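Colleague: So that you have it, the file is final-v1.txt, and it contains compact mmCIF, C-alpha atoms:
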# COMPACT_ATOMS: atom_id res chain seq x y z
CA MET A 6 60.41 107.02 135.99
CA THR A 7 62.58 104.00 135.17
CA SER A 8 66.37 104.24 135.25
CA LEU A 9 66.45 103.36 131.53
CA LEU A 10 64.27 106.34 130.74
CA ILE A 11 66.34 108.63 132.97
CA PHE A 12 69.66 107.97 131.28
CA ALA A 13 68.00 108.02 127.88
CA LEU A 14 66.68 111.51 128.63
CA ILE A 15 70.10 112.65 129.84
CA ALA A 16 71.80 111.29 126.71
CA LEU A 17 69.21 113.02 124.53
CA GLN A 18 70.25 116.32 126.14
CA VAL A 19 73.81 115.84 124.85
CA GLN A 20 73.42 117.41 121.41
CA PRO A 21 76.81 118.57 120.15
CA LYS A 22 77.35 120.06 116.71
CA GLU A 23 80.51 121.12 114.95
CA LYS A 24 79.93 124.83 115.54
CA ALA A 25 78.11 124.35 118.84
CA PRO A 26 80.17 121.79 120.79
CA PHE A 27 79.06 120.26 124.06
CA THR A 28 81.33 121.19 126.96
CA VAL A 29 82.49 118.12 128.86
CA PRO A 30 82.06 118.43 132.64
CA THR A 31 85.31 119.24 134.40
CA ASP A 32 84.17 117.78 137.71
CA PRO A 33 85.45 114.14 137.65
CA PRO A 34 82.40 112.57 139.37
CA ALA A 35 80.01 114.48 137.10
CA LYS A 36 81.92 113.39 133.99
CA LYS A 37 82.09 109.79 135.20
CA GLU A 38 78.33 109.75 135.73
CA LEU A 39 77.65 111.29 132.33
CA VAL A 40 79.90 108.75 130.62
CA ARG A 41 78.09 105.94 132.41
CA GLU A 42 74.73 107.26 131.29
CA ILE A 43 75.93 107.61 127.69
CA ASN A 44 77.30 104.06 127.73
CA ASP A 45 74.01 102.76 129.09
CA TYR A 46 72.11 104.68 126.43
CA MET A 47 74.31 103.17 123.70
CA ALA A 48 73.66 99.69 125.12
CA LEU A 49 69.85 99.83 124.94
CA PRO A 50 68.19 96.74 123.45
CA ALA A 51 67.50 97.22 119.77
CA LYS A 52 63.74 97.38 120.29
CA GLN A 53 64.14 100.38 122.63
CA VAL A 54 66.43 102.36 120.32
CA GLN A 55 65.16 105.56 118.72
CA ALA A 56 67.03 108.05 116.54
CA HIS A 57 69.08 110.55 118.53
CA PRO A 58 68.34 114.21 117.65
CA CYS A 59 71.96 114.66 116.50
CA ALA A 60 72.00 111.68 114.14
CA ALA A 61 70.89 113.75 111.15
CA ASP A 62 73.73 116.18 111.80
CA PHE A 63 76.37 113.45 112.10
CA PRO A 64 76.88 110.86 110.74
CA GLY A 65 73.69 111.63 108.79
CA VAL A 66 70.54 109.82 107.75
CA ALA A 67 69.27 108.34 104.51
CA THR A 68 67.66 110.68 102.02
CA ASN A 69 63.93 111.20 102.46
CA GLY A 70 61.72 108.57 100.89
CA SER A 71 64.58 106.14 100.26
CA PRO A 72 63.52 102.50 100.13
CA ARG A 73 64.33 99.87 102.75
CA VAL A 74 65.62 96.66 101.25
CA THR A 75 66.06 92.97 101.99
CA ARG A 76 69.38 91.43 100.99
CA ILE A 77 70.99 88.01 101.45
CA TYR A 78 74.80 87.84 101.47
CA THR A 79 77.38 85.16 102.21
CA PHE A 80 80.49 85.78 104.33
CA SER A 81 83.65 83.84 105.12
CA GLY A 82 84.07 82.25 108.51
CA ALA A 83 87.85 82.49 108.11
CA LYS A 84 88.20 86.18 107.32
CA PRO A 85 89.30 88.37 110.23
CA ARG A 86 88.20 91.94 110.92
CA TRP A 87 85.04 93.57 109.58
CA GLN A 88 83.35 92.17 106.49
CA SER A 89 81.43 94.80 104.55
CA THR A 90 77.83 94.51 103.45
CA GLY A 91 77.23 97.69 101.47
CA LEU A 92 74.17 98.25 103.66
CA TYR A 93 73.34 101.02 106.11
CA ALA A 94 71.17 100.98 109.23
CA ASN A 95 69.27 104.24 109.37
CA ALA A 96 69.30 106.01 112.73
CA GLY A 97 66.87 104.47 115.20
CA GLU A 98 65.55 101.84 112.78
CA ILE A 99 65.68 98.10 113.43
CA VAL A 100 67.44 95.92 110.89
CA THR A 101 66.71 92.23 111.36
CA VAL A 102 69.61 89.85 110.72
CA THR A 103 68.71 86.20 110.15
CA PRO A 104 71.23 83.38 109.63
CA GLN A 105 70.09 81.07 106.86
CA ALA A 106 71.51 78.04 108.69
CA PRO A 107 72.48 77.27 112.30
CA LEU A 108 75.86 78.67 113.32
CA PRO A 109 78.63 76.05 113.61
CA ALA A 110 79.80 75.04 117.07
CA GLY A 111 82.48 77.40 118.38
CA ALA A 112 81.67 80.19 115.93
CA THR A 113 80.67 83.67 117.07
CA VAL A 114 79.08 86.27 114.83
CA GLU A 115 78.64 89.96 115.54
CA ILE A 116 76.93 92.74 113.64
CA ARG A 117 78.66 96.10 113.88
CA ILE A 118 76.70 99.26 113.07
CA GLY A 119 78.93 102.26 112.50
CA CYS A 120 82.46 102.80 111.23
CA HIS A 121 83.17 105.75 113.54
CA THR A 122 84.63 103.78 116.41
CA ASP A 123 86.46 106.54 118.30
CA ARG A 124 85.03 107.16 121.77
CA LEU A 125 85.68 110.72 122.92
CA PHE A 126 86.03 110.14 126.64
CA TYR A 127 89.76 110.85 127.03
CA GLU A 128 90.75 113.34 129.69
CA LYS A 129 92.30 115.81 127.23
CA ILE A 130 89.06 116.11 125.25
CA THR A 131 87.19 119.06 126.78
CA GLU A 132 84.38 119.40 124.24
CA TRP A 133 82.46 117.16 121.91
CA LYS A 134 81.71 118.18 118.32
CA ARG A 135 79.69 115.02 117.85
CA PHE A 136 78.10 112.56 120.25
CA PRO A 137 81.03 110.83 121.96
CA SER A 138 80.08 107.24 121.12
CA ILE A 139 78.18 106.34 117.95
CA ALA A 140 79.04 102.72 117.05
CA ARG A 141 77.38 99.54 118.32
CA VAL A 142 77.97 95.78 118.22
CA PHE A 143 75.34 93.03 118.57
CA PRO A 144 75.92 89.28 118.98
CA VAL A 145 74.04 87.11 116.51
CA THR A 146 72.55 83.72 117.31
CA SER A 147 70.97 81.21 114.98
CA GLN A 148 67.66 83.03 115.47
CA PRO A 149 66.57 86.33 113.84
CA THR A 150 68.42 89.15 115.61
CA PRO A 151 67.17 92.76 115.73
CA VAL A 152 69.98 95.35 115.60
CA ALA A 153 69.74 99.13 115.79
CA ASN A 154 71.82 102.23 116.49
CA ALA A 155 70.51 105.61 117.59
CA PHE A 156 73.00 107.16 115.13
CA GLY A 157 72.78 104.58 112.37
CA GLY A 158 75.82 103.57 110.35
CA PRO A 159 77.28 101.14 107.82
CA ILE A 160 76.64 97.48 108.67
CA PHE A 161 79.54 95.05 109.04
CA VAL A 162 79.80 91.37 109.93
CA VAL A 163 82.52 90.10 112.27
CA VAL A 164 83.09 86.34 112.41
CA LYS A 165 85.33 84.40 114.78
CA SER A 166 85.53 80.71 114.14
CA PRO A 167 88.01 77.85 114.69
CA SER A 168 87.35 76.71 111.12
CA ASP A 169 86.25 78.17 107.82
CA PHE A 170 82.60 78.05 106.86
CA LYS A 171 80.20 79.97 104.68
CA LEU A 172 77.91 82.24 106.66
CA THR A 173 74.77 83.35 104.85
CA LEU A 174 72.76 86.15 106.45
CA ARG A 175 69.55 87.89 105.50
CA PHE A 176 69.19 91.60 106.26
CA ASP A 177 65.72 93.15 106.42
CA ASN A 178 64.89 96.88 106.55
CA ALA A 179 68.36 98.11 105.56
CA VAL A 180 69.31 101.04 103.32
CA GLU A 181 71.65 100.60 100.39
CA ALA A 182 74.89 102.59 100.38
CA PRO A 183 77.22 103.67 97.58
CA PHE A 184 79.43 100.58 97.58
CA PHE A 185 82.13 99.46 95.14
CA VAL A 186 84.25 96.30 95.32
CA LEU A 187 87.32 96.22 93.11
CA GLY A 188 87.16 93.37 90.62
CA THR A 189 83.56 92.54 91.52
CA THR A 190 81.26 95.54 90.99
CA PRO A 191 80.54 96.03 87.27
CA LEU A 192 81.34 99.58 86.24
CA ALA A 193 77.96 99.88 84.52
CA ASN A 194 76.26 99.06 87.82
CA TRP A 195 78.36 101.57 89.72
CA LYS A 196 76.72 104.45 87.90
CA THR A 197 73.49 103.49 89.68
CA ILE A 198 74.98 102.22 92.96
CA ARG A 199 76.87 105.47 93.57
CA ASN A 200 73.51 107.24 94.00
CA ALA A 201 72.27 104.88 96.72
CA PRO A 202 70.59 106.84 99.52
CA ALA A 203 72.81 106.09 102.57
CA PRO A 204 74.86 109.08 103.82
CA TRP A 205 78.18 107.15 103.86
CA GLY A 206 79.82 105.25 101.03
CA GLU A 207 82.51 102.60 100.91
CA MET A 208 85.06 101.39 98.35
CA VAL A 209 86.72 98.04 98.85
CA GLY A 210 90.12 97.29 97.38
CA ARG A 211 92.24 94.18 97.78
CA ASN A 212 94.44 95.75 100.46
CA MET A 213 92.58 98.90 101.45
CA ILE A 214 89.00 99.96 102.19
CA LEU A 215 88.00 103.61 101.93
CA HIS A 216 85.06 105.28 103.68
CA PHE A 217 83.67 108.75 102.93
CA PRO A 218 80.56 110.87 103.05
CA ALA A 219 78.48 109.57 100.14
CA SER A 220 78.30 113.01 98.50
CA GLN A 221 82.05 112.86 97.92
CA ILE A 222 81.92 109.88 95.58
CA ARG A 223 78.60 110.18 93.77
CA ALA A 224 80.29 111.96 90.88
CA MET A 225 83.18 109.48 90.62
CA ASP A 226 82.89 107.56 87.35
CA ASP A 227 85.41 104.78 87.99
CA PRO A 228 86.88 104.02 91.43
CA THR A 229 89.24 101.38 89.99
CA PRO A 230 92.40 103.53 89.54
CA LEU A 231 91.97 105.06 93.00
CA LEU A 232 91.65 101.69 94.71
CA GLU A 233 94.56 100.25 92.75
CA TRP A 234 96.73 103.18 93.90
CA TRP A 235 95.83 102.62 97.54
CA ASP A 236 96.38 98.88 97.17
CA LYS A 237 99.92 99.60 95.96
CA VAL A 238 100.58 101.79 98.99
CA VAL A 239 99.55 99.06 101.42
CA ALA A 240 101.45 96.40 99.44
CA ALA A 241 104.59 98.54 99.53
CA GLN A 242 104.42 98.86 103.30
CA ASP A 243 103.70 95.16 103.70
CA TRP A 244 106.77 94.36 101.61
CA LEU A 245 108.98 96.63 103.66
CA VAL A 246 108.37 94.51 106.77
CA GLY A 247 108.10 91.18 104.96
CA TRP A 248 104.48 90.50 105.84
CA PRO A 249 102.80 87.47 104.25
CA ALA A 250 99.87 87.79 101.87
CA ARG A 251 96.98 89.66 103.45
CA THR A 252 93.78 88.02 104.63
CA ALA A 253 92.08 91.35 105.44
CA GLN A 254 92.34 94.95 104.29
CA GLU A 255 93.27 98.11 106.14
CA ARG A 256 90.53 100.74 106.54
CA VAL A 257 90.51 104.53 106.65
CA VAL A 258 87.54 106.45 108.11
CA PRO A 259 87.13 110.25 108.22
CA ASP A 260 85.36 111.57 111.32
CA ARG A 261 84.20 114.97 112.56
CA GLN A 262 86.18 114.46 115.78
CA ILE A 263 88.70 111.77 116.61
CA SER A 264 90.19 110.61 119.88
CA ALA A 265 93.73 111.90 119.31
CA GLY A 266 95.79 113.97 116.86
CA TRP A 267 95.08 115.06 113.30
CA MET A 268 95.06 111.39 112.32
CA HIS A 269 95.72 108.22 114.25
CA SER A 270 96.53 104.63 113.44
CA GLY A 271 94.53 101.52 114.23
CA TYR A 272 91.72 99.57 112.64
CA PRO A 273 90.33 101.59 111.11
CA PHE A 274 92.89 104.36 111.01
CA MET A 275 91.15 107.67 111.51
CA CYS A 276 91.38 111.15 110.03
CA HIS A 277 89.30 114.31 110.25
CA LEU A 278 86.59 115.10 107.71
CA ALA A 279 88.83 117.87 106.35
CA SER A 280 91.16 115.12 105.09
CA ALA A 281 88.39 113.11 103.42
CA PRO A 282 88.70 114.83 100.00
CA LYS A 283 92.41 114.00 99.97
CA ILE A 284 91.61 110.29 100.07
CA THR A 285 89.96 110.43 96.63
CA ASP A 286 92.09 113.10 94.94
CA LEU A 287 94.03 110.63 92.81
CA ALA A 288 95.79 113.26 90.70
CA LYS A 289 97.21 114.93 93.79
CA LEU A 290 98.03 111.63 95.47
CA ARG A 291 99.98 110.52 92.42
CA LYS A 292 101.87 113.80 92.23
CA GLU A 293 102.45 114.63 95.89
CA GLY A 294 101.51 111.58 97.94
CA ASP A 295 100.31 112.17 101.47
CA TRP A 296 102.86 111.85 104.26
CA GLY A 297 100.13 111.73 106.92
CA PHE A 298 98.26 108.80 105.37
CA PHE A 299 101.52 106.93 104.74
CA HIS A 300 102.54 107.66 108.33
CA GLU A 301 99.38 106.29 109.96
CA LEU A 302 99.50 103.14 107.84
CA GLY A 303 103.13 102.86 108.91
CA HIS A 304 102.11 102.79 112.57
CA ASN A 305 100.03 99.73 111.75
CA HIS A 306 103.23 98.05 110.51
CA GLN A 307 105.58 98.98 113.35
CA SER A 308 107.11 96.45 115.72
CA GLN A 309 108.62 96.86 119.18
CA ALA A 310 111.36 94.48 118.08
CA TRP A 311 112.96 97.34 116.13
CA THR A 312 111.20 100.44 117.47
CA PHE A 313 112.79 101.50 120.73
CA PRO A 314 111.79 104.07 123.38
CA GLY A 315 111.58 107.54 121.85
CA GLN A 316 111.33 106.12 118.31
CA THR A 317 107.59 105.62 117.84
CA GLU A 318 107.44 108.71 115.60
CA VAL A 319 110.77 107.86 113.98
CA THR A 320 110.71 104.34 112.55
CA VAL A 321 107.11 104.87 111.42
CA ASN A 322 108.47 107.27 108.83
CA PHE A 323 110.44 104.51 107.13
CA PHE A 324 107.08 103.79 105.53
CA SER A 325 106.38 107.39 104.58
CA LEU A 326 109.84 107.69 103.00
CA TYR A 327 109.49 104.43 101.10
CA CYS A 328 106.06 105.32 99.72
CA MET A 329 107.18 108.83 98.78
CA GLU A 330 110.02 107.34 96.76
CA HIS A 331 108.53 104.17 95.29
CA ILE A 332 104.86 105.11 94.93
CA VAL A 333 105.04 108.86 94.29
CA GLY A 334 108.51 109.10 92.72
CA LYS A 335 110.10 111.62 95.09
CA PRO A 336 113.90 111.64 95.46
CA ARG A 337 115.19 109.30 98.13
CA GLY A 338 114.94 110.67 101.66
CA THR A 339 112.46 113.44 100.82
CA GLY A 340 108.74 114.11 100.99
CA HIS A 341 108.37 116.19 104.14
CA PRO A 342 109.38 119.84 104.61
CA ALA A 343 111.18 119.01 107.85
CA ILE A 344 113.85 117.00 106.00
CA ASP A 345 113.79 118.32 102.44
CA GLY A 346 116.61 120.32 100.88
CA ALA A 347 119.02 122.07 103.24
CA LYS A 348 116.87 120.98 106.20
CA PHE A 349 118.45 117.54 105.93
CA SER A 350 121.91 118.82 106.89
CA THR A 351 120.42 120.86 109.70
CA CYS A 352 118.68 117.75 111.01
CA LEU A 353 121.96 115.83 110.97
CA ASP A 354 123.79 118.64 112.76
CA LYS A 355 121.22 118.65 115.53
CA ARG A 356 121.00 114.87 115.76
CA PHE A 357 124.76 114.49 116.23
CA ALA A 358 125.22 117.57 118.39
CA ASN A 359 126.27 117.43 122.03
CA PRO A 360 123.76 116.82 123.50
CA PRO A 361 121.98 115.11 120.58
CA SER A 362 118.47 116.13 119.57
CA ASP A 363 115.75 113.52 119.96
CA ASP A 364 113.35 115.29 117.60
CA PRO A 365 111.74 112.58 115.41
CA PHE A 366 112.90 114.12 112.13
CA HIS A 367 116.41 114.67 113.48
CA GLN A 368 116.50 110.99 114.43
CA LEU A 369 115.07 110.02 111.05
CA SER A 370 117.81 111.93 109.25
CA ALA A 371 120.40 109.50 110.65
CA PHE A 372 118.56 106.61 109.00
CA ILE A 373 118.29 108.55 105.75
CA VAL A 374 122.10 108.61 105.69
CA LEU A 375 122.07 104.80 105.65
CA LEU A 376 119.45 104.78 102.90
CA HIS A 377 121.64 107.03 100.76
CA LYS A 378 124.72 104.91 101.44
CA PHE A 379 123.30 101.39 101.23
CA GLY A 380 119.85 101.69 99.64
CA TRP A 381 116.60 100.18 100.85
CA ALA A 382 117.51 96.50 100.56
CA PRO A 383 119.49 96.18 103.85
CA LEU A 384 116.76 97.94 105.85
CA GLN A 385 114.00 95.87 104.24
CA GLN A 386 115.92 92.66 104.81
CA THR A 387 116.48 93.64 108.43
CA LEU A 388 112.84 94.48 109.15
CA ALA A 389 111.60 91.40 107.30
CA SER A 390 114.00 89.14 109.20
CA TYR A 391 111.87 89.51 112.32
CA GLN A 392 109.07 87.60 110.57
CA THR A 393 111.22 84.48 110.29
CA ALA A 394 113.54 85.06 113.25
CA PRO A 395 111.49 86.89 115.89
CA LEU A 396 112.80 87.92 119.30
CA THR A 397 111.20 86.71 122.49
CA PRO A 398 108.82 89.32 123.97
CA LYS A 399 110.95 89.69 127.11
CA THR A 400 114.21 90.42 125.28
CA ALA A 401 116.02 93.23 127.08
CA LEU A 402 116.25 96.61 125.34
CA GLU A 403 120.05 96.53 125.06
CA LEU A 404 119.91 93.10 123.42
CA LYS A 405 117.16 94.26 121.04
CA GLN A 406 119.26 97.24 119.94
CA ALA A 407 122.40 95.15 119.52
CA GLU A 408 120.47 92.57 117.47
CA PHE A 409 119.07 95.29 115.20
CA VAL A 410 122.59 96.63 114.59
CA ARG A 411 123.88 93.09 113.98
CA ARG A 412 121.20 92.33 111.39
CA TYR A 413 121.45 95.72 109.67
CA SER A 414 125.25 95.48 109.49
CA ARG A 415 125.19 92.02 107.97
CA ASN A 416 122.58 93.01 105.42
CA ALA A 417 124.48 96.20 104.54
CA LYS A 418 127.75 94.25 104.49
CA ALA A 419 129.27 96.98 106.63
CA ASN A 420 130.18 97.37 110.29
CA LEU A 421 127.66 99.92 111.55
CA THR A 422 128.43 99.65 115.26
CA ALA A 423 130.31 102.95 115.53
CA TYR A 424 127.53 104.78 113.69
CA PHE A 425 124.76 103.31 115.81
CA LYS A 426 126.75 104.09 118.95
CA GLN A 427 126.63 107.73 117.85
CA MET A 428 122.87 107.31 117.55
CA GLY A 429 122.69 106.06 121.14
CA TYR A 430 122.25 102.33 120.48
CA ALA A 431 123.69 99.68 122.75
CA CYS A 432 126.63 98.19 120.83
CA PRO A 433 128.75 96.07 123.18
CA ASP A 434 132.41 95.48 122.43
CA GLU A 435 131.76 91.84 121.58
CA LEU A 436 129.36 92.93 118.80
CA THR A 437 131.99 95.27 117.36
CA LYS A 438 134.48 92.41 117.45
CA GLU A 439 131.95 90.02 115.89
CA LEU A 440 131.45 92.40 112.94
CA SER A 441 135.10 93.42 112.63
CA ALA A 442 135.57 91.55 109.34
CA LEU A 443 133.08 93.92 107.69
CA PRO A 444 134.32 97.27 106.39
CA PRO A 445 133.38 100.05 108.84
CA PHE A 446 131.00 102.79 107.78
CA ASP A 447 132.73 106.15 108.18
CA TYR A 448 130.01 108.73 108.76
CA ALA A 449 132.42 111.68 108.93
CA THR A 450 133.76 110.95 105.44
CA TRP A 451 130.27 110.37 104.05
CA ARG A 452 129.10 113.66 105.52
CA LYS A 453 131.90 115.64 103.92
CA GLU A 454 131.05 114.13 100.55
CA HIS A 455 127.28 114.63 100.82
CA THR A 456 126.72 117.85 102.77
CA THR A 457 123.85 119.82 101.27
CA LYS A 458 124.94 123.33 100.43
Please render this file's structure as structure tokens.
Modeller:
Amino acid sequence: MTSLLIFALIALQVQPKEKAPFTVPTDPPAKKELVREINDYMALPAKQVQAHPCAADFPGVATNGSPRVTRIYTFSGAKPRWQSTGLYANAGEIVTVTPQAPLPAGATVEIRIGCHTDRLFYEKITEWKRFPSIARVFPVTSQPTPVANAFGGPIFVVVKSPSDFKLTLRFDNAVEAPFFVLGTTPLANWKTIRNAPAPWGEMVGRNMILHFPASQIRAMDDPTPLLEWWDKVVAAQDWLVGWPARTAQERVVPDRQISAGWMHSGYPFMCHLASAPKITDLAKLRKEGDWGFFHELGHNHQSQAWTFPGQTEVTVNFFSLYCMEHIVGKPRGTGHPAIDGAKFSTCLDKRFANPPSDDPFHQLSAFIVLLHKFGWAPLQQTLASYQTAPLTPKTALELKQAEFVRRYSRNAKANLTAYFKQMGYACPDELTKELSALPPFDYATWRKEHTTK
């Protein structure tokens, strides 16, 4: 029996389901060997790939009797990240990808099958509710390229090139997916496209791309308002850090099991399937927002230039606060039960206690004080300043903190050194002297005037 057949048989025995998870071996050598065999299985040449028994359970397969189609699409050689096709590779089936012209020198093209990129091999994960690795990538040459995935998945094109060019590809034996592109897909066509047979659908906005189980969107009459809302969220966060105009969208993908947390950031940023309906509930999003979604997008905007040790879960919530106020319409400094109402004063008490609390919301409350006092403009100007005046990567922590206080103080037109010293920032005497012409911010007085009863 060949080694290829052996690890294929072992991988076929790993058949987790949501209510019948697969227990990960606790013996390190046994787990290491199983992971190796799974990786080898997921690297089989396309012509040796067959559908895994769990593919129909997750991520799903095309509806019975659905047609296979041939499509020709053109992509940009200058666009980073994944470029969507609106096509789906059914589990175990070969899709042939054929460039319609030779690839330019220096350009590389990859076909990605699957949007569920999380690999569930981390030590803390003790059971699998789906197969632990279900996405694949294939390099494309100027010749016809067969691609396949034992679990199937949406098809994406990834281009890396030193110069822009138009890449035209032909796809044979693919399945159409519910697929809507804002400003491009005619609404009359959507009423047919939304019933396409692939098990996962995709909606493409200008700043944001949404993925969901296809059944969730087949009854949606017009995705335009939803995509426009999400585009505003991403644009608001981009503005807060002064990012230039986007060349690629963010993505959100719901998954049965993710590698860490209830959600996590990245490209795409991931959430559990239980959160998928929240992505499309526009009425609720408009009324209540979603702190978790705002938070994970915020992580994608954070910078180590102004996020210091112990603050990863603090400065990220600048973005949640801003979206809650400017997208949803919540009062400034609210939107999460940990800081709303009388909890705000409690957070401040604990943050400025002796010893001070490092709880993320207690730390955030100290920044909310500055938002109440000076508004959003000084913070936005400070964060955006790092786009035009970046720090060197090796800048020492104390110098980073002092520079943040310097920039924030100048933008707020107030000497904030005493306040940031209370927060634990490095504020050397020379910085206090440098900013001495600015009126000092007196936190004690502000607190007396603004204590929540």
Colleague: To one decimal in Å, tell me the separation between atom CA of A:Arg412 and atom CA of A:Tyr430.
Modeller: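 About the pair atom CA of A:Arg412 and atom CA of A:Tyr430: they are 13.6 Å apart.
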Colleague: Determine, counting all atoms listed in the file, which protein, DNA and RNA residues have an atom within 7 Å of an atom of stretch 102-106 of chain A; residues of the same chain fewer than 2 positions away are not included. Present the result as a list of chain:residue names.
Modeller: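 Contacts, with the query itself left out: A:Val100, A:Leu108, A:Ser147, A:Gln148, A:Pro149, A:Thr150, A:Pro151, A:Thr173, A:Leu174, A:Arg175, A:Phe176, A:Asp177.
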Colleague: Would you compute the distance between atom CA of A:Gln242 and atom CA of A:Ser280? Give it in Å to one decimal.
Modeller: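 Going from atom CA of A:Gln242 over to atom CA of A:Ser280 covers 21.1 Å.
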Colleague: Can you tell me how far atom CA of A:Met47 sits from atom CA of A:Lys129, in Å to one decimal?
Modeller: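 Computed distance, atom CA of A:Met47 to atom CA of A:Lys129, equals 22.3 Å.
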Colleague: So which one's closest to A:Ala140, A:Pro64, A:Pro444, A:Pro202, A:Gly70? Using only C-alpha atoms, please.
Modeller: A:Pro64
Colleague: So which residues touch A:Trp451 within 12 Å, counting only C-alpha atoms, skipping near sequence neighbours fewer than 2 positions away, as a ChimeraX atom specification?
Modeller: /A:371,374-375,377-379,424,445-449,453-457
Colleague: Between A:Met428, A:Ala224, A:Ala240, A:Ala343, which one has atoms that come closest to A:Leu302, using all atoms listed in the file?
Modeller: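 The answer is A:Ala240, which sits nearest to A:Leu302.
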